[in-house]
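Here is structure_2.txt, consisting of compact mmCIF, C-alpha atoms:
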```
# COMPACT_ATOMS: atom_id res chain seq x y z
CA MET F 1140 248.15 160.10 -88.37
CA PRO F 1141 249.59 157.44 -90.68
CA ASP F 1142 250.77 154.23 -89.03
CA THR F 1143 254.39 154.53 -90.12
CA PRO F 1144 257.41 153.23 -88.13
CA GLU F 1145 258.78 156.76 -87.78
CA LEU F 1146 255.56 158.14 -86.27
CA VAL F 1147 255.14 155.11 -84.02
CA GLU F 1148 258.65 155.66 -82.67
CA ALA F 1149 258.03 159.38 -82.16
CA PHE F 1150 254.56 159.24 -80.59
CA GLY F 1151 253.64 155.64 -79.78
CA TYR F 1152 250.26 153.99 -79.50
CA VAL F 1153 247.60 154.70 -76.87
CA ASP F 1154 245.75 152.24 -74.64
CA THR F 1155 242.00 152.78 -74.95
CA LYS F 1156 238.99 151.01 -73.44
CA HIS F 1157 238.81 149.04 -76.68
CA GLY F 1158 242.50 148.08 -76.57
CA PRO F 1159 245.60 149.67 -78.12
CA SER F 1160 245.03 152.27 -80.82
CA ARG F 1161 245.68 151.17 -84.37
CA PHE F 1162 247.71 154.28 -85.18
CA PRO F 1163 250.12 156.58 -83.30
CA VAL F 1164 248.57 159.41 -81.29
CA ALA F 1165 250.15 162.74 -80.34
CA ARG F 1166 249.33 165.33 -77.70
CA ILE F 1167 249.41 168.98 -78.70
CA THR F 1168 249.04 172.00 -76.41
CA PHE F 1169 248.40 175.47 -77.82
CA MET F 1170 249.03 178.87 -76.30
CA ILE F 1171 246.82 181.42 -78.02
CA ARG F 1172 246.84 185.21 -77.73
CA ALA F 1173 243.15 185.75 -77.08
CA GLY F 1174 242.85 189.32 -78.36
CA VAL F 1175 243.90 188.36 -81.88
CA GLN F 1176 243.26 184.59 -81.58
CA ALA F 1177 246.71 183.81 -82.95
CA VAL F 1178 248.77 180.81 -81.86
CA CYS F 1179 251.93 182.21 -80.25
CA ASP F 1180 253.41 178.80 -79.40
CA TYR F 1181 252.59 175.12 -79.14
CA ARG F 1182 254.14 171.88 -77.92
CA LEU F 1183 253.79 168.52 -79.62
CA GLY F 1184 254.72 165.24 -78.00
CA PRO F 1185 253.67 161.65 -77.37
CA TYR F 1186 250.14 161.23 -76.02
CA ARG F 1187 251.62 160.20 -72.67
CA SER F 1188 253.41 163.55 -72.37
CA SER F 1189 251.96 166.09 -69.96
CA GLU F 1190 249.93 169.11 -71.06
CA VAL F 1191 251.05 170.84 -67.87
CA ALA F 1192 254.71 170.31 -68.81
CA HIS F 1193 253.91 171.68 -72.26
CA PHE F 1194 252.20 174.68 -70.65
CA ARG F 1195 255.12 175.49 -68.36
CA ALA F 1196 257.56 175.25 -71.27
CA MET F 1197 255.65 178.13 -72.92
CA TRP F 1198 255.53 180.50 -69.95
CA GLN F 1199 258.11 182.78 -71.55
CA HIS F 1200 255.33 184.09 -73.81
CA LEU F 1201 253.27 185.32 -70.84
CA ARG F 1202 254.21 188.96 -70.32
CA ARG F 1203 253.98 190.74 -66.98
CA GLY F 1204 250.46 192.01 -66.45
CA SER F 1205 248.86 189.52 -68.82
CA ILE F 1206 246.07 187.14 -67.86
CA CYS F 1207 246.16 183.44 -68.69
CA ILE F 1208 242.79 181.74 -69.23
CA ALA F 1209 242.90 177.99 -68.73
CA ASP F 1210 240.76 175.02 -67.75
CA GLU F 1211 240.83 173.39 -64.32
CA TYR F 1212 243.61 171.01 -65.31
CA PHE F 1213 246.06 173.92 -65.34
CA GLY F 1214 244.76 175.48 -62.12
CA SER F 1215 247.10 173.75 -59.69
CA PHE F 1216 248.45 175.57 -56.66
CA TYR F 1217 251.92 175.52 -58.23
CA ASN F 1218 250.82 177.07 -61.52
CA LEU F 1219 248.76 179.78 -59.83
CA ALA F 1220 251.58 180.66 -57.42
CA LYS F 1221 254.43 180.60 -59.94
CA LEU F 1222 252.53 182.65 -62.50
CA ARG F 1223 251.62 185.19 -59.83
CA GLN F 1224 255.34 185.50 -59.05
CA ARG F 1225 255.77 186.38 -62.72
CA ALA F 1226 253.00 189.01 -62.38
CA VAL F 1227 250.73 186.94 -64.62
CA GLY F 1228 247.10 186.54 -63.61
CA VAL F 1229 245.17 183.30 -64.08
CA VAL F 1230 241.48 182.62 -64.64
CA CYS F 1231 240.45 178.97 -64.52
CA GLU F 1232 237.74 176.64 -63.36
CA LEU F 1233 237.96 175.44 -59.76
CA HIS F 1234 239.59 172.02 -59.66
CA HIS F 1235 237.06 169.28 -58.93
CA ARG F 1236 239.08 168.15 -55.89
CA ARG F 1237 238.54 171.49 -54.16
CA ASP F 1238 235.28 172.04 -52.30
CA ALA F 1239 233.78 175.48 -52.94
CA ASP F 1240 231.69 175.43 -49.75
CA LYS F 1241 234.72 174.66 -47.58
CA LEU F 1242 236.71 177.44 -49.25
CA ILE F 1243 233.87 179.91 -48.71
CA ALA F 1244 233.69 178.96 -45.02
CA LYS F 1245 237.34 179.99 -44.64
CA GLY F 1246 237.06 183.03 -46.88
CA ARG F 1247 235.50 186.48 -46.99
CA LYS F 1248 232.59 187.60 -49.15
CA ILE F 1249 233.46 190.62 -51.31
CA GLY F 1250 230.39 190.87 -53.55
CA ALA F 1251 227.45 189.05 -55.07
CA SER F 1252 228.56 185.46 -55.69
CA GLU F 1253 232.20 186.37 -55.08
CA TRP F 1254 234.68 185.64 -52.29
CA ILE F 1255 238.36 185.93 -51.38
CA VAL F 1256 239.41 182.46 -50.25
CA PRO F 1257 242.67 180.81 -49.20
CA PHE F 1258 244.33 177.98 -51.06
CA GLU F 1259 246.54 175.94 -48.76
CA LEU F 1260 249.55 173.94 -49.95
CA SER F 1261 249.62 170.45 -48.51
CA SER F 1262 252.90 169.01 -47.23
CA GLN F 1263 252.62 166.22 -49.78
CA ARG F 1264 252.39 168.71 -52.66
CA ARG F 1265 255.27 170.76 -51.27
CA LYS F 1266 257.50 167.69 -51.37
CA GLU F 1267 256.30 166.95 -54.87
CA TYR F 1268 257.00 170.48 -56.12
CA ASP F 1269 260.37 170.67 -54.32
CA ASP F 1270 260.45 174.45 -54.80
CA PRO F 1271 261.11 176.64 -51.74
CA SER F 1272 259.83 179.73 -53.58
CA VAL F 1273 256.27 178.38 -53.56
CA PRO F 1274 254.25 180.00 -50.73
CA GLN F 1275 252.28 178.05 -48.15
CA ARG F 1276 249.06 179.96 -48.80
CA LEU F 1277 247.58 181.75 -51.78
CA ARG F 1278 244.67 184.22 -51.76
CA VAL F 1279 242.36 183.90 -54.78
CA ARG F 1280 238.96 185.12 -55.88
CA LEU F 1281 236.25 182.49 -56.07
CA ILE F 1282 233.37 183.36 -58.40
CA ARG F 1283 230.09 181.52 -58.67
CA VAL F 1284 228.52 181.38 -62.13
CA PRO F 1285 224.95 180.03 -62.21
CA LEU F 1286 224.23 177.86 -65.24
CA GLY F 1287 220.50 177.39 -64.74
CA LYS F 1288 219.47 173.73 -64.99
CA LYS F 1289 223.09 172.74 -65.67
CA GLY F 1290 224.11 173.71 -62.14
CA THR F 1291 226.95 175.99 -61.10
CA LEU F 1292 230.36 176.82 -62.51
CA TRP F 1293 233.04 177.90 -60.04
CA LEU F 1294 235.83 180.11 -61.34
CA VAL F 1295 239.10 180.89 -59.59
CA THR F 1296 241.31 183.84 -60.39
CA THR F 1297 244.48 185.33 -58.96
CA VAL F 1298 243.35 188.69 -60.37
CA LEU F 1299 242.23 190.42 -57.17
CA ASP F 1300 241.64 193.96 -58.53
CA ARG F 1301 237.83 194.07 -58.66
CA LYS F 1302 237.73 197.67 -59.85
CA ARG F 1303 239.71 196.87 -62.97
CA TYR F 1304 238.37 193.34 -63.46
CA SER F 1305 234.80 192.92 -62.28
CA ARG F 1306 233.13 189.59 -61.70
CA LEU F 1307 231.29 189.99 -65.00
CA SER F 1308 234.48 190.69 -66.95
CA ILE F 1309 236.17 187.60 -65.46
CA MET F 1310 233.15 185.50 -66.45
CA ARG F 1311 233.32 186.88 -70.00
CA LEU F 1312 237.02 186.11 -70.25
CA TYR F 1313 236.45 182.49 -69.36
CA ARG F 1314 233.42 182.20 -71.64
CA ASP F 1315 235.46 183.48 -74.60
CA ARG F 1316 237.96 180.66 -74.07
CA TRP F 1317 235.37 178.11 -75.22
CA GLY F 1318 234.99 179.95 -78.52
CA ILE F 1319 238.72 179.66 -79.10
CA GLU F 1320 238.63 175.89 -78.51
CA THR F 1321 235.77 175.53 -80.98
CA ARG F 1322 237.64 177.51 -83.62
CA ILE F 1323 240.77 175.37 -83.18
CA GLY F 1324 238.69 172.26 -83.90
CA SER F 1325 237.04 173.98 -86.85
CA ARG F 1326 240.36 174.98 -88.37
CA SER F 1327 241.72 171.46 -87.87
CA GLU F 1328 238.75 170.00 -89.76
CA GLU F 1329 239.18 172.55 -92.56
CA HIS F 1330 242.87 171.71 -92.82
CA THR F 1331 242.10 167.98 -92.95
CA SER F 1332 239.57 168.59 -95.73
CA GLU F 1333 242.13 170.58 -97.69
CA LEU F 1334 244.66 167.76 -97.38
CA GLN F 1335 242.10 165.21 -98.54
CA SER F 1336 241.13 167.32 -101.56
CA HIS F 1337 244.70 167.73 -102.82
```

Can the structure in the file be given as structure tokens, please?
Amino acid sequence: MPDTPELVEAFGYVDTKHGPSRFPVARITFMIRAGVQAVCDYRLGPYRSSEVAHFRAMWQHLRRGSICIADEYFGSFYNLAKLRQRAVGVVCELHHRRDADKLIAKGRKIGASEWIVPFELSSQRRKEYDDPSVPQRLRVRLIRVPLGKKGTLWLVTTVLDRKRYSRLSIMRLYRDRWGIETRIGSRSEEHTSELQSH
């Protein structure tokens, strides 16, 4: 964006490995209705603002019975638990700090490459959340997705109804999310080109 005093005041610069950015940088978080691929809300703030805070500010758009597809960054214990309380399912990648093998050891196999496993809330996180409505334990489905030479992708979902949502359908839901991200970038580039041509 242009390096104007107004934009610098609103968004600020960003520290990079090459030093401070030469122009202000914003952070934007979209919430998209996947079936029609329409943006139903977004939050725009300084780059230092939190995508998770943006995400939680848009929860009012998540209707009961809907499923939220997100990356691992949004798959915290708090988000999973609070959205379940709202009767909203979540499908996300397993956070890199959680060990799939340790979860499986404490869980129960329910199908090919699929388990019900417990997420435990640490005392440190409970203090951080400061929310007595958050449970101590959360049961989730852990799904292994083989990626050939690229390794393994682990998905977590609070959607436990396997008859309605099979392992394959959960995998497809998450796969479709990547297409949405690509289209957002494509539309942004098209919009930039339009601005440059006018």

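Across the structure, CA of Ala1220 (chain F) and CA of Ile1282 (chain F) are spaced 18.4 Å apart.
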
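Note that the spacing between CA of Arg1237 (chain F) and CA of Lys1289 (chain F) amounts to 19.3 Å.
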
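Nearest-residue note for Leu1286 (chain F): choosing from F:Met1310, F:Leu1233, F:Met1140, F:Val1298, the minimum distance belongs to F:Met1310, counting only C-alpha atoms.
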
Name the residues within 12 Å of (249.1, 167.2, -68.6), counting only C-alpha atoms in the file's coordinates, and put them as a PDB file with C-alpha atoms, in the frame of the given file.
```pdb
ATOM      1  CA  ARG F1166     249.330 165.330 -77.700  1.00  0.00           C
ATOM      2  CA  ILE F1167     249.410 168.980 -78.700  1.00  0.00           C
ATOM      3  CA  THR F1168     249.040 172.000 -76.410  1.00  0.00           C
ATOM      4  CA  ARG F1182     254.140 171.880 -77.920  1.00  0.00           C
ATOM      5  CA  GLY F1184     254.720 165.240 -78.000  1.00  0.00           C
ATOM      6  CA  PRO F1185     253.670 161.650 -77.370  1.00  0.00           C
ATOM      7  CA  TYR F1186     250.140 161.230 -76.020  1.00  0.00           C
ATOM      8  CA  ARG F1187     251.620 160.200 -72.670  1.00  0.00           C
ATOM      9  CA  SER F1188     253.410 163.550 -72.370  1.00  0.00           C
ATOM     10  CA  SER F1189     251.960 166.090 -69.960  1.00  0.00           C
ATOM     11  CA  GLU F1190     249.930 169.110 -71.060  1.00  0.00           C
ATOM     12  CA  VAL F1191     251.050 170.840 -67.870  1.00  0.00           C
ATOM     13  CA  ALA F1192     254.710 170.310 -68.810  1.00  0.00           C
ATOM     14  CA  HIS F1193     253.910 171.680 -72.260  1.00  0.00           C
ATOM     15  CA  PHE F1194     252.200 174.680 -70.650  1.00  0.00           C
ATOM     16  CA  ARG F1195     255.120 175.490 -68.360  1.00  0.00           C
ATOM     17  CA  ALA F1196     257.560 175.250 -71.270  1.00  0.00           C
ATOM     18  CA  ASP F1210     240.760 175.020 -67.750  1.00  0.00           C
ATOM     19  CA  GLU F1211     240.830 173.390 -64.320  1.00  0.00           C
ATOM     20  CA  TYR F1212     243.610 171.010 -65.310  1.00  0.00           C
ATOM     21  CA  PHE F1213     246.060 173.920 -65.340  1.00  0.00           C
ATOM     22  CA  GLY F1214     244.760 175.480 -62.120  1.00  0.00           C
ATOM     23  CA  SER F1215     247.100 173.750 -59.690  1.00  0.00           C
TER      24      SER F1215
END
```

Taking 5 positions as the minimum chain separation for residues in the same chain, which residues sit within 12 Å of Ala1244 (chain F) when counting all atoms listed in the file? Answer as a CSV table (one decimal) with C-alpha atoms, in the coordinates of the input.
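See selection_27.csv below for the written result:
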```csv
chain,number,residue,atom,x,y,z
F,1238,ASP,CA,235.3,172.0,-52.3
F,1239,ALA,CA,233.8,175.5,-52.9
F,1254,TRP,CA,234.7,185.6,-52.3
F,1255,ILE,CA,238.4,185.9,-51.4
F,1256,VAL,CA,239.4,182.5,-50.2
F,1257,PRO,CA,242.7,180.8,-49.2
F,1281,LEU,CA,236.2,182.5,-56.1
```

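Rounded to one decimal, CA of Met1170 (chain F) and CA of Asn1218 (chain F) lie 15.0 Å from each other.
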